[in-house]
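To start, the structure itself, in structure tokens.
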Amino acid sequence: MKVSYQVLTSPARGAIAVVQIQGQGAVDLVDRVFRPNRGSSLASTPEGRLRLGRAGLGIGDEVVAVRLAGSVPLVEIQCHGGPAAVEAVVGALEQAGAIEETASDSTIEARALHDLARAPTLRSAAILLDQANGALSAAIHRLLEAIQLKAEPGPALATLIGRGEIGTRLLTGWRVAIAGRPNVGKSRLFNALAGYDRSIVDPTPGATRDVVAIRTAFGGWPVELSDTAGDREDVGPVERIGIDLGRQERRDADLVLLVLDRSEPLHEVDRRLLEEIPGALVVANKSDRPPAWRREEREAIEVSAETGEGIDPLVHAIESRLVPDPPPLGEAVPFRREQVQALREARQAESIGDPGTAAKWLTSLNPAAGPHSTRSD
């Protein structure tokens with residue numbers, strides 16, 4: 001009778017940690033670990049009712065335990081977020097016979113729960129929670145049924161592969177780099193998007209000599225935002241290093257915000273950068289000043305990093321460029337690269353008339369879903 005546990009929250013120090021215990025016998029096992037402050041055992045407590053008590057080896061930690069509804073017995077223990085408190089609870093669970101659920105040999109649902117504990121934003125967490133609740137497994141099952149019925153699974157496969165481009169970024173996020181010549185307001189824009197003063201703002205050209213980066217989110221999508229050195233020629237060796245680092249950063253970025261100064265005529269460096277970064281999202285900064293060039297000359301989002309005007313539309317534009325077609329809530333989203341690769345292999349096999357191989361690739365995504373026999377004739 002296997003009972004497994006998994007720490008759902010990040011291993012980093014936090015206010016609260018959550019340990020989930022599941023499997024036949026999970027409630028009885030937790031009752032051997034959990035010592036309620038008052039009242040009867042957890043087994044006799046209705047689902048959803050929070051119980052305060054202690055758990056862990058020795059005096060243990062003050063915790064909250066709750067039985068959850070599910071197809072298999074499920075219990076959550078909420079303890080303090082420090083590593084010592086979590087280790088005390090986990091140690092007691094293991095001593096009682098629980099086994100840690102590892103991501104390497106688990107179902108899609110367990111892998112999603114594993115990643116859910118590391119989700120950097122609520123939006124990432126919501127999508128991973130959908131997969132933990134079976135959205136991706138159900139989609140794979142429907143694809144296998146379509147193959148068995150000799151239906152056309154290609155469009156559904158293509159949809160899942162496309163969503164995988166989003167799902168595989170839920171933990172790592174996207175990279176957005178701010179570029180432009182000196183003194184166009186890159187660092188001030190960086191601070192405005194960050195919500196606090198992270199980058200040095202100074203009118204002296206070359207004040208930013210290294211790549212400054214922060215972790216943030218736009219529209220709930222995790223992003224690493226970087227401020228780069230102003231791009232110009234005829235500089236000293238130290239500033240040249242910073243400029244070269246900035247150029248590499250924008251080459252590696254998923255999106256570049258190319259900042260132009262709306263209050264000055266376009267410089268030669270501006271025109272060169274517009275040619276070098278054709279896919280950039282152009283930002284016309286200093287919109288609070290009289291314009292020096294017409295908006296019709298260059299399609300751009302007008303902002304004032306000084307006053308905050310236009311920042312919200314810019315954030316929406318960034319979100320739309322990074323994720324133009326976000327998946328609806330509750331839908332299947334592959335969230336690991338090996339899942340996307342297996343879906344691509346299945347699509348390739350299906351496209352050349354080999355449904356048997358396609359089914360094998362799909363089944364490999366979730367072996368626990370059970371065998372599916374498919375004829376290849």
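How things are named: the first chain in the structure tokens is A, the next is B, and so on; residues count from 1 in each chain; ligands count from 1 in the order shown.
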task: Compile the contact shell of Arg215 in chain A as an NGL selection string: residues with an atom at most 7 Å away, counting only C-alpha atoms, same-chain residues fewer than 3 positions apart removed.
output: :A and (223-225)
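Reported to one decimal place, the separation of CA of Lys286 in chain A from CA of Gly180 in chain A is 13.7 Å.
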DSSP strand (DSSP E) residues within range 129-367 of chain A, listed as JSON, numbers by chain: {"A": [174, 175, 176, 177, 178, 179, 212, 213, 214, 215, 216, 217, 218, 221, 222, 223, 224, 225, 226, 227, 255, 256, 257, 258, 259, 260, 261, 281, 282, 283, 284, 285, 301, 302]}
- prompt: Got a sec: who's within 10 Å of Val72 in chain A, counting only C-alpha atoms, leaving out chain neighbours fewer than 6 positions off, as a list in words?
  reply: Gln22, Gly23, Gln24, Gly25 and Ala26 of chain A
- request: Report the residues of range 38-249 of chain A whose backbone DSSP state falls under alpha helix (DSSP H), written as a ChimeraX atom specification.
  value: /A:83-95,108-116,122-132,135-148,154-167,186-194,237-249
task: Select, from A:Asp61, A:Glu100, A:Glu276, A:Glu338, the residue with the minimum atom-to-atom distance to Ala88 in chain A, counting only C-alpha atoms.
output: A:Asp61
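Between Ala317 in chain A and the residues A:Ile301, A:Ala119, A:Ile277, A:Glu264, the shortest atom-to-atom distance, using only C-alpha atoms, involves A:Ile301.
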Listing only residues of range 33-121 of chain A within 10 Å of range 131-143 of chain A, what is the closest atom pair and its distance in Å (to one decimal) for each, using only C-alpha atoms, sorted by chain and residue number ascending, as CSV?
```
residue,atom,partner,partner_atom,distance
A:Thr107,CA,A:Ser137,CA,8.9
A:Ile108,CA,A:Ser137,CA,6.8
A:Glu109,CA,A:Ala132,CA,4.1
A:Ala110,CA,A:Ala132,CA,6.6
A:Arg111,CA,A:Ala132,CA,7.7
A:Ala112,CA,A:Ala132,CA,5.0
A:Leu113,CA,A:Ala132,CA,5.7
A:His114,CA,A:Ala132,CA,9.1
A:Asp115,CA,A:Ala132,CA,9.5
A:Leu116,CA,A:Ala132,CA,8.4
```
Shell around Glu76 in chain A at 9 Å using only C-alpha atoms, local window under 3 positions removed, as a ChimeraX atom specification: /A:18-22,64-68
Can you write just those residues out, N, CA, C and O atoms, as a compact mmCIF listing (two decimals), in the first residue's frame?
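Contents of again-v1.txt, freshly written:
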```
# COMPACT_ATOMS: atom_id res chain seq x y z
N VAL A 18 4.19 23.65 2.09
CA VAL A 18 3.07 22.73 1.95
C VAL A 18 3.60 21.37 1.52
O VAL A 18 4.34 21.27 0.53
N VAL A 19 3.23 20.34 2.27
CA VAL A 19 3.59 18.96 1.94
C VAL A 19 2.30 18.20 1.64
O VAL A 19 1.36 18.22 2.45
N GLN A 20 2.25 17.58 0.48
CA GLN A 20 1.06 16.80 0.10
C GLN A 20 1.35 15.32 0.23
O GLN A 20 2.40 14.84 -0.22
N ILE A 21 0.42 14.60 0.84
CA ILE A 21 0.55 13.15 1.03
C ILE A 21 -0.63 12.49 0.33
O ILE A 21 -1.78 12.90 0.52
N GLN A 22 -0.35 11.47 -0.48
CA GLN A 22 -1.44 10.83 -1.21
C GLN A 22 -1.21 9.34 -1.31
O GLN A 22 -0.10 8.84 -1.14
N VAL A 64 -0.81 22.87 10.19
CA VAL A 64 -2.23 22.73 9.86
C VAL A 64 -2.35 21.52 8.94
O VAL A 64 -1.61 21.42 7.95
N ALA A 65 -3.26 20.62 9.24
CA ALA A 65 -3.50 19.44 8.40
C ALA A 65 -4.93 19.48 7.89
O ALA A 65 -5.84 19.91 8.60
N VAL A 66 -5.11 19.02 6.67
CA VAL A 66 -6.45 19.02 6.08
C VAL A 66 -6.57 17.87 5.10
O VAL A 66 -5.66 17.60 4.32
N ARG A 67 -7.69 17.17 5.16
CA ARG A 67 -8.02 16.15 4.16
C ARG A 67 -8.64 16.84 2.96
O ARG A 67 -9.48 17.73 3.10
N LEU A 68 -8.22 16.41 1.76
CA LEU A 68 -8.74 17.00 0.54
C LEU A 68 -9.52 15.96 -0.26
O LEU A 68 -9.23 14.76 -0.18
```
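Using only C-alpha atoms, the shortest contact distance between Val283 in chain A and any of A:Glu101, A:Glu145, A:Glu62, A:Asp270 is found at A:Asp270.
Between Ala179 in chain A and the residues A:Trp221, A:Ala194, A:Arg247, A:Ile127, the shortest atom-to-atom distance, using only C-alpha atoms, involves A:Arg247.
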